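Asker: Take a look at the following structure, please.
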Amino acid sequence: MSAGYQAVLWNRQKKRYDLTILAGILLYIGLFVGLGAALRPEATPETLIIRAFGTLALLMLHVILSVGPLARLDRRFLPLLYNRRHLGVSMFLCALVHGAFSMIQFHALGDVNPLVSLLAGNPQYASISAFPFQTLGFVALGILFLMAATSHDFWLANLSAPVWKALHMLVYVAYLLLVLHVALGILQTERNLVLIGLLVGGFGWIVTLHLVAGFREKPGDAPHRGDVIDGYLHACAVADIKDKRARIVCISGERVAIFRNGDTISAVSNACQHQNGPLGEGRIVDGCITCPWHGYQYEPETGASPPPFTEKIPTFNVRVVSGEVYVDPEPNPAGQRAEPAPIRGSS
Amino acid sequence: MLEQIALWFSYALVLYAAIGLLFAVAFVLVGVNRVDPAAPGSKPGFRVMILPGVAALWPLMLLRWAGGKQPPVERSAHRRGSAG
Ligand code: HEM
Ligand code: FES
């Protein structure tokens with residue numbers, strides 16, 4: 001959490017994860033170049049490197065785009081989601097190797113400015129079969145760079161979450177550009193049927209997965225209706241909430257997470273201050289609500305991160321009457337203490 | 001024509017990036033401590049890590065530095081509703 005920035009907040013799981021990424025990259029490149037050299041002795045090392053890193057980057061992009069919807073469909077994918085940024089930066093670096101080698105190989109050896117050669121060397125922007133597909137790769141690489149360069153939490157805080165999110169939604173633009181980059185490129189180089197099949201299959205997979213996860217997400221956001229006592233809105237029964245867990249109910253235009261902490265009930269706004277992670281899908285660990293996305297913590301009764309951290313989220317006053325939980329729809333200012341309600345509350 | 005545009009584009013890009021890099025060095029050493037209370041005392045690793053982004057988004061960070069801005073807190077329905 002933000003009490004001083006670190007380059008990377010390392011822990012054992014992240015190290016294992018990053019080592020796995022690195023091993024995967026080395027294995028893929030080794031196999032691709034090794035097999036390529038054995039099966040196609042006529043291919044130059046540069047060509048093999050360009051193709052190995054290009055296809056690897058695209059493969060990694062598919063994994064990255066799949067992780068979000070997969071985690072929504074099945075919680076076991078969540079650990080992949082937390083560390084998606086490292087995968088993203090690795091993917092950018094692979095794409096950069098591909099782009100840089102292509103630039104050197106095809107555009108930097110003449111006496112024309114390499115960028116001019118890339119953008120204007122083939123002026124057939126009106127053609128499909130001869131389209132300068134490299135330009136699409138260049139624009140996509142620019143987007144991937146911006147995303148990798150702003151992946152640190154510093155940017156999330158300083159650009160604000162909505163702007164940061166909008167910026168990172170550009171990944172879908174980059175993906176479309178890359179599908180075209182590869183499809184139009186294939187038309188002009190070797191018409192590799194395997195690659196075409198993989199490209200079409202991958203595109204279908206990404207679209208289907210997003211549609212399915214999108215439909216799953218929809219319900220549950222209608223404003224909650226219930227009986228009202230003294231201005232407090234009936235939310236759920238105490239028995240509906242497992243200990244150290246929450247129920248999520250939509251009140252006052254947003255989701256509220258109602259937690260049970262042993263013998264008491266507390267309610268906070270559901271959105272984590274870090275990146276709007278769903279706090280109500282997390283657990284109470286060591287007395288603190290712990291965000292399921294990256295582990296930011298908040299005290300249930302105050303909505304404040306334990307010192308030295310400074311994050312604060314709005315809290316809600318709650319009451320328990322005859323085993324039923326009632327929530328004051330008026331949010332308290334972020335970080336303001338709300339008395340936890342004993343579950344054997346007044347009747 | 002296309003070649004002319006590409007040429008000017010390449011010059012503009014190089015100029016933008018060069019200014020960005022110079023600015024970014026000053027920003028990560030000094031400016032960042034002014035605009036973000038979590039930054040003072042952070043290690044070189046963090047400063048190097050944000051450098052490429054500062055070089056790319058330098059006009060934005062220049063404005064924040066010049067205006068002495070602090071990181072914004074998102075305005076959600078609950079935060080507005082509580083006026084807190
Ligand atoms: C400056 C940016 C880029 C340039 C100049 C560029 C250039 C090229 C060139 C010349 C080819 C044909 C290579 C060949 O068939 O021998 C190619 C293919 C390809 N590119 Fe790019 N590219 C760029 C960016 C990207 C990015 C960002 C990605 C993916 C993340 C990507 C993925 C691919 C893939 C998957 C292929 C097909 C590989 C193959 O031909 O077997 N490219 N690119
Ligand atoms: S969203 Fe990152 S910790 Fe909550």
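Residues are named by chain letter and number: chains run A, B, ... in the order of the structure tokens, numbers start at 1 in each chain, and ligands are numbered from 1 in the order shown.
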Produce as a tab-separated table (two decimals) with N, CA, C and O atoms, in the first residue's frame the set of residues near ligand 2, where near means within 6 Å with only C-alpha atoms and all ligand atoms considered.
Answerer:
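This went into result-v7.tsv:
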chain	number	residue	atom	x	y	z
A	272	CYS	N	-12.17	-1.05	-3.56
A	272	CYS	CA	-10.84	-0.84	-3.00
A	272	CYS	C	-10.27	0.46	-3.55
A	272	CYS	O	-10.43	0.78	-4.73
A	274	HIS	N	-7.31	1.13	-4.15
A	274	HIS	CA	-6.18	0.91	-5.03
A	274	HIS	C	-6.63	0.89	-6.48
A	274	HIS	O	-6.26	1.74	-7.28
A	275	GLN	N	-7.47	-0.06	-6.82
A	275	GLN	CA	-7.83	-0.21	-8.24
A	275	GLN	C	-9.27	-0.68	-8.35
A	275	GLN	O	-9.63	-1.40	-9.26
A	276	ASN	N	-10.08	-0.29	-7.38
A	276	ASN	CA	-11.49	-0.67	-7.37
A	276	ASN	C	-11.70	-2.18	-7.30
A	276	ASN	O	-12.70	-2.68	-7.81
A	277	GLY	N	-10.80	-2.90	-6.69
A	277	GLY	CA	-11.01	-4.33	-6.49
A	277	GLY	C	-12.23	-4.56	-5.61
A	277	GLY	O	-12.59	-3.71	-4.79
A	291	CYS	N	-8.18	-7.00	0.38
A	291	CYS	CA	-8.65	-6.98	-1.00
A	291	CYS	C	-8.18	-8.23	-1.74
A	291	CYS	O	-7.01	-8.61	-1.64
A	293	TRP	N	-7.66	-8.61	-4.79
A	293	TRP	CA	-6.85	-8.37	-5.98
A	293	TRP	C	-5.37	-8.24	-5.67
A	293	TRP	O	-4.55	-8.95	-6.21
A	294	HIS	N	-5.00	-7.27	-4.82
A	294	HIS	CA	-3.57	-7.11	-4.54
A	294	HIS	C	-3.29	-6.99	-3.05
A	294	HIS	O	-2.21	-6.56	-2.65
A	295	GLY	N	-4.29	-7.30	-2.22
A	295	GLY	CA	-4.01	-7.41	-0.79
A	295	GLY	C	-3.98	-6.12	0.01
A	295	GLY	O	-3.49	-6.13	1.14
A	296	TYR	N	-4.48	-5.00	-0.49
A	296	TYR	CA	-4.62	-3.82	0.36
A	296	TYR	C	-5.55	-4.18	1.51
A	296	TYR	O	-6.48	-4.96	1.35
Asker: As a quick test: using only C-alpha atoms and all ligand atoms, which residues lie no more than 6 Å away from ligand 1? Give them as a list in words.
Answerer: Thr47, Arg51, Gly54, Thr55, Ala57, Leu58, Ala95, Gly99, Ser102, Met103, Gln134, Gly137, Phe138, Ala140, Leu141, Leu178, Val182, Gly185 and Thr189 of chain A
Asker: Extract, using only C-alpha atoms, all DNA, RNA and protein residues at most 12 Å from range 52-63 of chain B, discarding same-chain residues fewer than 5 positions from it, and format them as a ChimeraX atom specification.
Answerer: /A:142-156,158-159,167 /B:13-32,34-36,46-47,68-71
Asker: Taking only C-alpha atoms into account, what are the residues of chain B at most 9 Å from chain A, put as number ranges by chain?
Answerer: B: 2-7, 9-10, 35-54, 56-57, 61, 70-74, 76-84
Asker: Just the helix (DSSP H, G or I) stuff from chain B, please, per backbone DSSP, written as JSON, numbers by chain.
Answerer: {"B": [2, 3, 4, 5, 6, 7, 8, 9, 10, 11, 12, 13, 14, 15, 16, 17, 18, 19, 20, 21, 22, 23, 24, 25, 26, 27, 28, 29, 30, 31, 32, 33, 34, 35, 44, 45, 46, 47, 48, 49, 50, 51, 52, 53, 54, 55, 56, 58, 59, 60, 61, 62, 63, 64, 65, 66, 67, 77, 78, 79, 80, 81, 82]}
